[in-house]
Amino acid sequence: NLIPHFNADLVMMHKSKIHMMKSADLNKYIVHQTLAFDEVEEAIPINMNTRSFRNQSTGMVYDIGIIAFPVDTLPFKAKGLAENIKTLRNKNTVLFDSLSRKIYGKVKKGQELEIADRKFKVGGLIEFGPNFTRNGWVIMSDSNWLRITPEPHYVNFGLIRAKPGTDLQELKRKICNLNPGEVIAFTAEEQKKRDKHFWTTATPFGIVFGTGLV
């Protein structure tokens with residue numbers, strides 16, 4: 001689950017995004033618009049998607065989660081990110097989630113990877129961990145992301161850091177009013193509960209798991 005790793009006060013996303021892993025893109029401009037509010041310290045657009053990943057040992061190809069963001073920010077608290085983030089400034093350089101499932105093979109720092117039919121170098125290792133929809137993760141800069149995506153104007157969600165003393169509920173209301181038909185915002189704790197409710201009540205896995213608990 002990415003939510004415990006959020007290094008921000010609020011998460012904003014498209015209204016149709018019923019859980020964090022659902023693909024529902026938000027215009028990057030709307031994320032930047034929040035900087036017009038005095039309460040906002042930083043607004044970070046986050047790209048999150050999947051791309052193909054080739055296991056260098058077996059040659060097998062699997063989907064892997066991609067997270068990309070501006071490298072002058074630190075949107076997540078994942079172990080290893082702060083100490084390795086500067087390497088993302090380099091062209092075709094990524095960070096690999098060392099907690100990824102074994103299907104991707106044993107990945108080491110300095111190794112060359114094939115992602116979306118392009119070559120990338122591993123600048124370091126971080127720890128995110130897989131979830132119900134992603135077996136692992138690769139982290140890259142937004143500029144490197146643009147090399148493998150056809151759509152430069154949209155992101156998956158935005159993370160908002162508020163100034164100290166901010167009324168987060170009031171700031172949420174302002175963010176939602178930027179585009180009432182498109183934008184929603186939550187605190188990390190609210191989004192965590194929202195995701196948990198979805199996965200435990202609206203998916204076959206959750207229903208089976210809940211039945212087992214009963």
# chains A, B, ... in the order shown; residues from 1 in each chain; ligands from 1
>>> residues_around(residues="A:Ala82", least_positions_apart="6", cutoff="10 Å", atoms="only C-alpha atoms", output="mmCIF file with all heavy atoms, in the first residue's frame")
data_model
loop_
_atom_site.group_PDB
_atom_site.id
_atom_site.type_symbol
_atom_site.label_atom_id
_atom_site.label_comp_id
_atom_site.auth_asym_id
_atom_site.auth_seq_id
_atom_site.Cartn_x
_atom_site.Cartn_y
_atom_site.Cartn_z
ATOM 1 N N THR A 73 11.497 17.086 -5.347
ATOM 2 C CA THR A 73 10.525 16.861 -4.282
ATOM 3 C C THR A 73 10.841 15.527 -3.599
ATOM 4 O O THR A 73 11.618 14.733 -4.110
ATOM 5 C CB THR A 73 9.091 16.795 -4.833
ATOM 6 O OG1 THR A 73 8.949 15.637 -5.677
ATOM 7 C CG2 THR A 73 8.763 18.043 -5.647
ATOM 8 N N LEU A 74 10.209 15.290 -2.467
ATOM 9 C CA LEU A 74 10.345 14.002 -1.785
ATOM 10 C C LEU A 74 8.947 13.585 -1.339
ATOM 11 O O LEU A 74 8.592 13.694 -0.167
ATOM 12 C CB LEU A 74 11.290 14.125 -0.585
ATOM 13 C CG LEU A 74 11.710 12.817 0.090
ATOM 14 C CD1 LEU A 74 12.500 11.937 -0.875
ATOM 15 C CD2 LEU A 74 12.530 13.097 1.343
ATOM 16 N N PRO A 75 8.122 13.094 -2.287
ATOM 17 C CA PRO A 75 6.713 12.844 -1.995
ATOM 18 C C PRO A 75 6.418 11.604 -1.165
ATOM 19 O O PRO A 75 5.299 11.439 -0.684
ATOM 20 C CB PRO A 75 6.099 12.707 -3.391
ATOM 21 C CG PRO A 75 7.220 12.220 -4.249
ATOM 22 C CD PRO A 75 8.452 12.856 -3.700
ATOM 23 N N PHE A 76 7.434 10.732 -0.991
ATOM 24 C CA PHE A 76 7.213 9.498 -0.242
ATOM 25 C C PHE A 76 8.285 9.322 0.834
ATOM 26 O O PHE A 76 9.398 9.838 0.709
ATOM 27 C CB PHE A 76 7.230 8.288 -1.186
ATOM 28 C CG PHE A 76 6.215 8.357 -2.282
ATOM 29 C CD1 PHE A 76 6.589 8.725 -3.564
ATOM 30 C CD2 PHE A 76 4.884 8.071 -2.039
ATOM 31 C CE1 PHE A 76 5.655 8.805 -4.581
ATOM 32 C CE2 PHE A 76 3.938 8.142 -3.046
ATOM 33 C CZ PHE A 76 4.320 8.512 -4.316
ATOM 34 N N ILE A 126 14.986 0.961 -3.182
ATOM 35 C CA ILE A 126 14.069 1.516 -2.189
ATOM 36 C C ILE A 126 13.150 0.387 -1.715
ATOM 37 O O ILE A 126 13.204 -0.720 -2.243
ATOM 38 C CB ILE A 126 13.262 2.707 -2.755
ATOM 39 C CG1 ILE A 126 12.542 2.312 -4.060
ATOM 40 C CG2 ILE A 126 14.168 3.892 -3.027
ATOM 41 C CD1 ILE A 126 11.127 1.946 -3.913
#
>>> select_by_dssp(residues="stretch 16-104 of chain A", states="strand (DSSP E or B)", output="VMD selection string")
chain A and resid 26 to 27 40 to 54 61 to 69 76 79 93 to 97
>>> residues_around(residues="stretch 33-35 of chain A", least_positions_apart="3", cutoff="12 Å", atoms="only C-alpha atoms", output="PyMOL selection string")
chain A and resi 10-12+27-30+38-45+158-163+171-179+183+185
>>> residues_around(residues="A:Val94", least_positions_apart="2", cutoff="10 Å", atoms="only C-alpha atoms", output="mmCIF file with all heavy atoms, in the first residue's frame")
data_model
loop_
_atom_site.group_PDB
_atom_site.id
_atom_site.type_symbol
_atom_site.label_atom_id
_atom_site.label_comp_id
_atom_site.auth_asym_id
_atom_site.auth_seq_id
_atom_site.Cartn_x
_atom_site.Cartn_y
_atom_site.Cartn_z
ATOM 1 N N ILE A 66 5.006 1.749 -12.166
ATOM 2 C CA ILE A 66 5.924 2.873 -12.343
ATOM 3 C C ILE A 66 5.388 4.058 -11.550
ATOM 4 O O ILE A 66 4.203 4.400 -11.656
ATOM 5 C CB ILE A 66 6.050 3.286 -13.812
ATOM 6 C CG1 ILE A 66 6.439 2.091 -14.700
ATOM 7 C CG2 ILE A 66 7.046 4.441 -13.969
ATOM 8 C CD1 ILE A 66 7.846 1.625 -14.537
ATOM 9 N N ILE A 67 6.237 4.705 -10.775
ATOM 10 C CA ILE A 67 5.891 5.946 -10.094
ATOM 11 C C ILE A 67 6.909 6.993 -10.514
ATOM 12 O O ILE A 67 8.119 6.761 -10.436
ATOM 13 C CB ILE A 67 5.900 5.791 -8.567
ATOM 14 C CG1 ILE A 67 4.885 4.734 -8.131
ATOM 15 C CG2 ILE A 67 5.588 7.121 -7.890
ATOM 16 C CD1 ILE A 67 4.906 4.444 -6.649
ATOM 17 N N ALA A 68 6.429 8.144 -10.966
ATOM 18 C CA ALA A 68 7.324 9.209 -11.419
ATOM 19 C C ALA A 68 6.868 10.549 -10.850
ATOM 20 O O ALA A 68 5.667 10.795 -10.691
ATOM 21 C CB ALA A 68 7.356 9.265 -12.950
ATOM 22 N N ASN A 84 18.787 8.132 -2.204
ATOM 23 C CA ASN A 84 19.049 7.798 -3.610
ATOM 24 C C ASN A 84 18.375 8.727 -4.611
ATOM 25 O O ASN A 84 18.590 8.598 -5.821
ATOM 26 C CB ASN A 84 18.588 6.364 -3.899
ATOM 27 C CG ASN A 84 19.475 5.311 -3.262
ATOM 28 O OD1 ASN A 84 20.669 5.244 -3.544
ATOM 29 N ND2 ASN A 84 18.915 4.497 -2.378
ATOM 30 N N ILE A 85 17.565 9.650 -4.119
ATOM 31 C CA ILE A 85 16.716 10.422 -5.030
ATOM 32 C C ILE A 85 17.522 11.265 -6.021
ATOM 33 O O ILE A 85 17.087 11.479 -7.156
ATOM 34 C CB ILE A 85 15.724 11.295 -4.232
ATOM 35 C CG1 ILE A 85 14.605 11.782 -5.160
ATOM 36 C CG2 ILE A 85 16.430 12.455 -3.536
ATOM 37 C CD1 ILE A 85 13.426 12.388 -4.424
ATOM 38 N N THR A 87 20.023 10.495 -7.721
ATOM 39 C CA THR A 87 20.431 9.733 -8.904
ATOM 40 C C THR A 87 19.363 9.793 -10.000
ATOM 41 O O THR A 87 19.669 9.564 -11.178
ATOM 42 C CB THR A 87 20.710 8.258 -8.557
ATOM 43 O OG1 THR A 87 19.485 7.622 -8.146
ATOM 44 C CG2 THR A 87 21.728 8.145 -7.439
ATOM 45 N N LEU A 88 18.113 10.117 -9.621
ATOM 46 C CA LEU A 88 17.038 10.186 -10.612
ATOM 47 C C LEU A 88 17.209 11.370 -11.557
ATOM 48 O O LEU A 88 16.521 11.454 -12.577
ATOM 49 C CB LEU A 88 15.680 10.278 -9.911
ATOM 50 C CG LEU A 88 15.260 9.054 -9.078
ATOM 51 C CD1 LEU A 88 13.885 9.272 -8.475
ATOM 52 C CD2 LEU A 88 15.273 7.785 -9.917
ATOM 53 N N ARG A 89 18.119 12.286 -11.222
ATOM 54 C CA ARG A 89 18.389 13.405 -12.132
ATOM 55 C C ARG A 89 19.093 12.929 -13.403
ATOM 56 O O ARG A 89 19.094 13.617 -14.417
ATOM 57 C CB ARG A 89 19.248 14.464 -11.437
ATOM 58 C CG ARG A 89 18.586 15.100 -10.227
ATOM 59 C CD ARG A 89 19.475 16.166 -9.612
ATOM 60 N NE ARG A 89 18.887 16.701 -8.398
ATOM 61 C CZ ARG A 89 17.949 17.633 -8.368
ATOM 62 N NH1 ARG A 89 17.506 18.157 -9.500
ATOM 63 N NH2 ARG A 89 17.472 18.070 -7.212
ATOM 64 N N ASN A 90 19.701 11.755 -13.322
ATOM 65 C CA ASN A 90 20.428 11.225 -14.476
ATOM 66 C C ASN A 90 19.461 10.638 -15.498
ATOM 67 O O ASN A 90 18.459 10.021 -15.144
ATOM 68 C CB ASN A 90 21.408 10.141 -14.023
ATOM 69 C CG ASN A 90 22.431 10.663 -13.038
ATOM 70 O OD1 ASN A 90 22.858 11.817 -13.124
ATOM 71 N ND2 ASN A 90 22.824 9.823 -12.096
ATOM 72 N N LYS A 91 19.788 10.808 -16.747
ATOM 73 C CA LYS A 91 18.956 10.287 -17.833
ATOM 74 C C LYS A 91 18.885 8.761 -17.754
ATOM 75 O O LYS A 91 19.890 8.095 -17.497
ATOM 76 C CB LYS A 91 19.537 10.728 -19.177
ATOM 77 C CG LYS A 91 18.708 10.327 -20.383
ATOM 78 C CD LYS A 91 19.350 10.858 -21.660
ATOM 79 C CE LYS A 91 18.553 10.444 -22.887
ATOM 80 N NZ LYS A 91 19.180 10.949 -24.137
ATOM 81 N N ASN A 92 17.675 8.229 -17.968
ATOM 82 C CA ASN A 92 17.458 6.777 -18.001
ATOM 83 C C ASN A 92 17.971 6.065 -16.750
ATOM 84 O O ASN A 92 18.570 4.990 -16.824
ATOM 85 C CB ASN A 92 18.116 6.168 -19.252
ATOM 86 C CG ASN A 92 17.486 6.682 -20.533
ATOM 87 O OD1 ASN A 92 16.308 7.023 -20.563
ATOM 88 N ND2 ASN A 92 18.277 6.767 -21.585
ATOM 89 N N PHE A 96 14.771 0.881 -7.914
ATOM 90 C CA PHE A 96 13.998 -0.358 -7.946
ATOM 91 C C PHE A 96 13.548 -0.727 -6.546
ATOM 92 O O PHE A 96 14.306 -0.613 -5.580
ATOM 93 C CB PHE A 96 14.828 -1.497 -8.554
ATOM 94 C CG PHE A 96 14.077 -2.793 -8.686
ATOM 95 C CD1 PHE A 96 13.213 -2.996 -9.754
ATOM 96 C CD2 PHE A 96 14.232 -3.813 -7.746
ATOM 97 C CE1 PHE A 96 12.514 -4.188 -9.883
ATOM 98 C CE2 PHE A 96 13.537 -5.001 -7.861
ATOM 99 C CZ PHE A 96 12.669 -5.190 -8.935
ATOM 100 N N ASP A 97 12.298 -1.187 -6.441
ATOM 101 C CA ASP A 97 11.738 -1.626 -5.171
ATOM 102 C C ASP A 97 12.279 -3.010 -4.820
ATOM 103 O O ASP A 97 11.902 -4.012 -5.435
ATOM 104 C CB ASP A 97 10.212 -1.655 -5.275
ATOM 105 C CG ASP A 97 9.537 -2.205 -4.042
ATOM 106 O OD1 ASP A 97 10.195 -2.286 -2.981
ATOM 107 O OD2 ASP A 97 8.344 -2.547 -4.126
ATOM 108 N N LYS A 109 21.908 -2.592 -7.587
ATOM 109 C CA LYS A 109 22.321 -1.241 -7.958
ATOM 110 C C LYS A 109 23.372 -1.309 -9.055
ATOM 111 O O LYS A 109 24.288 -2.143 -9.019
ATOM 112 C CB LYS A 109 22.884 -0.519 -6.736
ATOM 113 C CG LYS A 109 23.303 0.918 -7.007
ATOM 114 C CD LYS A 109 23.797 1.596 -5.731
ATOM 115 C CE LYS A 109 24.226 3.025 -6.020
ATOM 116 N NZ LYS A 109 24.689 3.718 -4.779
ATOM 117 N N GLY A 110 23.219 -0.454 -10.062
ATOM 118 C CA GLY A 110 24.153 -0.419 -11.177
ATOM 119 C C GLY A 110 23.765 -1.318 -12.337
ATOM 120 O O GLY A 110 24.336 -1.227 -13.422
ATOM 121 N N GLU A 112 21.571 -2.919 -15.445
ATOM 122 C CA GLU A 112 20.766 -2.374 -16.537
ATOM 123 C C GLU A 112 19.461 -3.148 -16.635
ATOM 124 O O GLU A 112 19.451 -4.373 -16.579
ATOM 125 C CB GLU A 112 21.516 -2.462 -17.864
ATOM 126 C CG GLU A 112 20.795 -1.759 -19.018
ATOM 127 C CD GLU A 112 21.574 -1.825 -20.315
ATOM 128 O OE1 GLU A 112 21.527 -2.899 -20.961
ATOM 129 O OE2 GLU A 112 22.234 -0.829 -20.671
ATOM 130 N N LEU A 113 18.352 -2.418 -16.743
ATOM 131 C CA LEU A 113 17.028 -3.020 -16.847
ATOM 132 C C LEU A 113 16.387 -2.650 -18.177
ATOM 133 O O LEU A 113 16.732 -1.625 -18.776
ATOM 134 C CB LEU A 113 16.119 -2.526 -15.714
ATOM 135 C CG LEU A 113 16.580 -2.757 -14.279
ATOM 136 C CD1 LEU A 113 15.579 -2.145 -13.317
ATOM 137 C CD2 LEU A 113 16.762 -4.235 -13.996
ATOM 138 N N PHE A 120 17.303 1.139 -18.897
ATOM 139 C CA PHE A 120 17.449 2.017 -17.743
ATOM 140 C C PHE A 120 18.492 1.431 -16.797
ATOM 141 O O PHE A 120 18.633 0.213 -16.691
ATOM 142 C CB PHE A 120 16.126 2.160 -16.986
ATOM 143 C CG PHE A 120 15.075 2.944 -17.718
ATOM 144 C CD1 PHE A 120 14.226 2.311 -18.617
ATOM 145 C CD2 PHE A 120 14.945 4.310 -17.527
ATOM 146 C CE1 PHE A 120 13.250 3.021 -19.302
ATOM 147 C CE2 PHE A 120 13.972 5.028 -18.197
ATOM 148 C CZ PHE A 120 13.123 4.393 -19.086
ATOM 149 N N LYS A 121 19.186 2.307 -16.079
ATOM 150 C CA LYS A 121 20.172 1.883 -15.097
ATOM 151 C C LYS A 121 19.586 2.021 -13.698
ATOM 152 O O LYS A 121 18.901 3.005 -13.402
ATOM 153 C CB LYS A 121 21.445 2.730 -15.218
ATOM 154 C CG LYS A 121 22.548 2.330 -14.237
ATOM 155 C CD LYS A 121 23.771 3.219 -14.424
ATOM 156 C CE LYS A 121 24.855 2.836 -13.409
ATOM 157 N NZ LYS A 121 26.065 3.692 -13.564
ATOM 158 N N VAL A 122 19.864 1.059 -12.834
ATOM 159 C CA VAL A 122 19.383 1.114 -11.452
ATOM 160 C C VAL A 122 20.325 1.997 -10.635
ATOM 161 O O VAL A 122 21.478 1.657 -10.399
ATOM 162 C CB VAL A 122 19.315 -0.298 -10.826
ATOM 163 C CG1 VAL A 122 18.825 -0.203 -9.377
ATOM 164 C CG2 VAL A 122 18.402 -1.197 -11.640
ATOM 165 N N GLY A 123 19.798 3.147 -10.194
ATOM 166 C CA GLY A 123 20.610 4.077 -9.412
ATOM 167 C C GLY A 123 20.617 3.763 -7.934
ATOM 168 O O GLY A 123 21.427 4.300 -7.175
ATOM 169 N N GLY A 124 19.705 2.895 -7.494
ATOM 170 C CA GLY A 124 19.631 2.540 -6.079
ATOM 171 C C GLY A 124 18.389 1.713 -5.810
ATOM 172 O O GLY A 124 17.554 1.510 -6.692
ATOM 173 N N LEU A 125 18.255 1.254 -4.572
ATOM 174 C CA LEU A 125 17.129 0.423 -4.173
ATOM 175 C C LEU A 125 16.299 1.138 -3.109
ATOM 176 O O LEU A 125 16.843 1.833 -2.241
ATOM 177 C CB LEU A 125 17.617 -0.915 -3.622
ATOM 178 C CG LEU A 125 18.479 -1.764 -4.564
ATOM 179 C CD1 LEU A 125 18.967 -3.007 -3.837
ATOM 180 C CD2 LEU A 125 17.710 -2.151 -5.824
ATOM 181 N N VAL A 138 9.001 0.502 -9.842
ATOM 182 C CA VAL A 138 10.185 1.228 -10.288
ATOM 183 C C VAL A 138 9.878 2.714 -10.122
ATOM 184 O O VAL A 138 8.781 3.177 -10.453
ATOM 185 C CB VAL A 138 10.509 0.909 -11.769
ATOM 186 C CG1 VAL A 138 11.502 1.912 -12.324
ATOM 187 C CG2 VAL A 138 11.075 -0.498 -11.895
ATOM 188 N N ILE A 139 10.835 3.459 -9.583
ATOM 189 C CA ILE A 139 10.688 4.898 -9.369
ATOM 190 C C ILE A 139 11.557 5.622 -10.381
ATOM 191 O O ILE A 139 12.721 5.254 -10.592
ATOM 192 C CB ILE A 139 11.122 5.293 -7.951
ATOM 193 C CG1 ILE A 139 10.470 4.395 -6.901
ATOM 194 C CG2 ILE A 139 10.805 6.769 -7.685
ATOM 195 C CD1 ILE A 139 8.970 4.430 -6.870
ATOM 196 N N MET A 140 11.018 6.673 -10.993
ATOM 197 C CA MET A 140 11.801 7.464 -11.940
ATOM 198 C C MET A 140 11.389 8.927 -11.883
ATOM 199 O O MET A 140 10.363 9.284 -11.280
ATOM 200 C CB MET A 140 11.659 6.918 -13.366
ATOM 201 C CG MET A 140 10.275 6.980 -13.939
ATOM 202 S SD MET A 140 10.195 6.390 -15.677
ATOM 203 C CE MET A 140 10.712 4.684 -15.532
ATOM 204 N N SER A 141 12.169 9.773 -12.504
ATOM 205 C CA SER A 141 11.832 11.195 -12.575
ATOM 206 C C SER A 141 10.724 11.416 -13.587
ATOM 207 O O SER A 141 10.508 10.593 -14.492
ATOM 208 C CB SER A 141 13.065 12.008 -12.985
ATOM 209 O OG SER A 141 13.410 11.708 -14.339
ATOM 210 N N ASN A 144 12.142 11.403 -17.131
ATOM 211 C CA ASN A 144 12.367 10.067 -17.700
ATOM 212 C C ASN A 144 11.047 9.385 -18.037
ATOM 213 O O ASN A 144 10.955 8.618 -19.000
ATOM 214 C CB ASN A 144 13.173 9.201 -16.725
ATOM 215 C CG ASN A 144 14.671 9.428 -16.849
ATOM 216 O OD1 ASN A 144 15.183 9.606 -17.946
ATOM 217 N ND2 ASN A 144 15.361 9.441 -15.724
ATOM 218 N N TRP A 145 10.004 9.654 -17.237
ATOM 219 C CA TRP A 145 8.679 9.098 -17.518
ATOM 220 C C TRP A 145 8.182 9.557 -18.891
ATOM 221 O O TRP A 145 7.550 8.788 -19.627
ATOM 222 C CB TRP A 145 7.710 9.505 -16.423
ATOM 223 C CG TRP A 145 6.263 9.218 -16.702
ATOM 224 C CD1 TRP A 145 5.275 10.128 -16.914
ATOM 225 C CD2 TRP A 145 5.631 7.935 -16.804
ATOM 226 N NE1 TRP A 145 4.067 9.504 -17.137
ATOM 227 C CE2 TRP A 145 4.267 8.149 -17.078
ATOM 228 C CE3 TRP A 145 6.094 6.617 -16.691
ATOM 229 C CZ2 TRP A 145 3.355 7.107 -17.240
ATOM 230 C CZ3 TRP A 145 5.184 5.579 -16.855
ATOM 231 C CH2 TRP A 145 3.840 5.821 -17.119
#
>>> residues_around(residues="A:Arg54", least_positions_apart="3", cutoff="9 Å", atoms="only C-alpha atoms", output="list in words")
Ser57, Thr58, Gly59, Met60, Val61, Tyr62, Asp63, Tyr104, Leu113, Glu114, Ile115, Ala116 and Asp117 of chain A
>>> write_last_selection(atoms="N, CA and C atoms", output="compact mmCIF listing (two decimals), in the first residue's frame")
# COMPACT_ATOMS: atom_id res chain seq x y z
N SER A 57 17.35 -12.39 -16.24
CA SER A 57 17.86 -13.77 -16.15
C SER A 57 17.08 -14.74 -17.01
N THR A 58 15.74 -14.59 -17.00
CA THR A 58 14.89 -15.55 -17.71
C THR A 58 14.39 -15.05 -19.05
N GLY A 59 14.41 -13.73 -19.25
CA GLY A 59 13.87 -13.16 -20.48
C GLY A 59 12.36 -12.98 -20.45
N MET A 60 11.72 -13.43 -19.38
CA MET A 60 10.26 -13.30 -19.25
C MET A 60 9.88 -11.84 -19.02
N VAL A 61 8.71 -11.46 -19.58
CA VAL A 61 8.25 -10.07 -19.46
C VAL A 61 7.01 -10.01 -18.58
N TYR A 62 7.02 -9.08 -17.62
CA TYR A 62 5.90 -8.89 -16.70
C TYR A 62 5.58 -7.39 -16.61
N ASP A 63 4.36 -7.08 -16.19
CA ASP A 63 4.03 -5.69 -15.89
C ASP A 63 4.65 -5.31 -14.54
N TYR A 104 10.63 -10.68 -10.93
CA TYR A 104 11.48 -9.74 -11.66
C TYR A 104 12.96 -10.11 -11.59
N LEU A 113 18.35 -2.42 -16.74
CA LEU A 113 17.03 -3.02 -16.85
C LEU A 113 16.39 -2.65 -18.18
N GLU A 114 15.44 -3.47 -18.60
CA GLU A 114 14.65 -3.16 -19.79
C GLU A 114 13.21 -2.91 -19.35
N ILE A 115 12.78 -1.66 -19.47
CA ILE A 115 11.44 -1.24 -19.09
C ILE A 115 10.79 -0.57 -20.30
N ALA A 116 9.62 -1.07 -20.68
CA ALA A 116 8.91 -0.52 -21.84
C ALA A 116 9.82 -0.47 -23.07
N ASP A 117 10.61 -1.54 -23.25
CA ASP A 117 11.52 -1.68 -24.40
C ASP A 117 12.61 -0.62 -24.44
>>> select_by_dssp(residues="stretch 6-209 of chain A", states="helix (DSSP H, G or I)", output="ChimeraX atom specification")
/A:28-36,81-89,102-104,142-145,168-176,188-201,204-209
>>> residues_around(residues="A:Ile64", least_positions_apart="6", cutoff="10 Å", atoms="only C-alpha atoms", output="MDAnalysis selection string")
chainID A and resid 49:54 100 104 115:116 130 133:138
>>> residues_around(residues="A:Leu26", least_positions_apart="6", cutoff="8 Å", atoms="only C-alpha atoms", output="list in words")
Met13, His14, Tyr154, Val155, Asn156 and Phe157 of chain A
>>> write_last_selection(atoms="N, CA and C atoms", output="mmCIF file, in the first residue's frame")
data_model
loop_
_atom_site.group_PDB
_atom_site.id
_atom_site.type_symbol
_atom_site.label_atom_id
_atom_site.label_comp_id
_atom_site.auth_asym_id
_atom_site.auth_seq_id
_atom_site.Cartn_x
_atom_site.Cartn_y
_atom_site.Cartn_z
ATOM 1 N N MET A 13 -7.199 13.910 -6.498
ATOM 2 C CA MET A 13 -7.282 12.998 -7.643
ATOM 3 C C MET A 13 -8.562 13.253 -8.411
ATOM 4 N N HIS A 14 -8.706 12.549 -9.525
ATOM 5 C CA HIS A 14 -9.933 12.638 -10.309
ATOM 6 C C HIS A 14 -11.071 11.992 -9.530
ATOM 7 N N TYR A 154 -1.108 14.792 -18.259
ATOM 8 C CA TYR A 154 -1.944 14.221 -17.209
ATOM 9 C C TYR A 154 -1.114 13.427 -16.212
ATOM 10 N N VAL A 155 -1.561 13.439 -14.954
ATOM 11 C CA VAL A 155 -0.926 12.672 -13.889
ATOM 12 C C VAL A 155 -1.993 11.817 -13.218
ATOM 13 N N ASN A 156 -1.555 10.902 -12.351
ATOM 14 C CA ASN A 156 -2.502 10.004 -11.707
ATOM 15 C C ASN A 156 -3.118 10.613 -10.454
ATOM 16 N N PHE A 157 -2.328 11.384 -9.727
ATOM 17 C CA PHE A 157 -2.842 12.114 -8.569
ATOM 18 C C PHE A 157 -1.834 13.182 -8.157
#
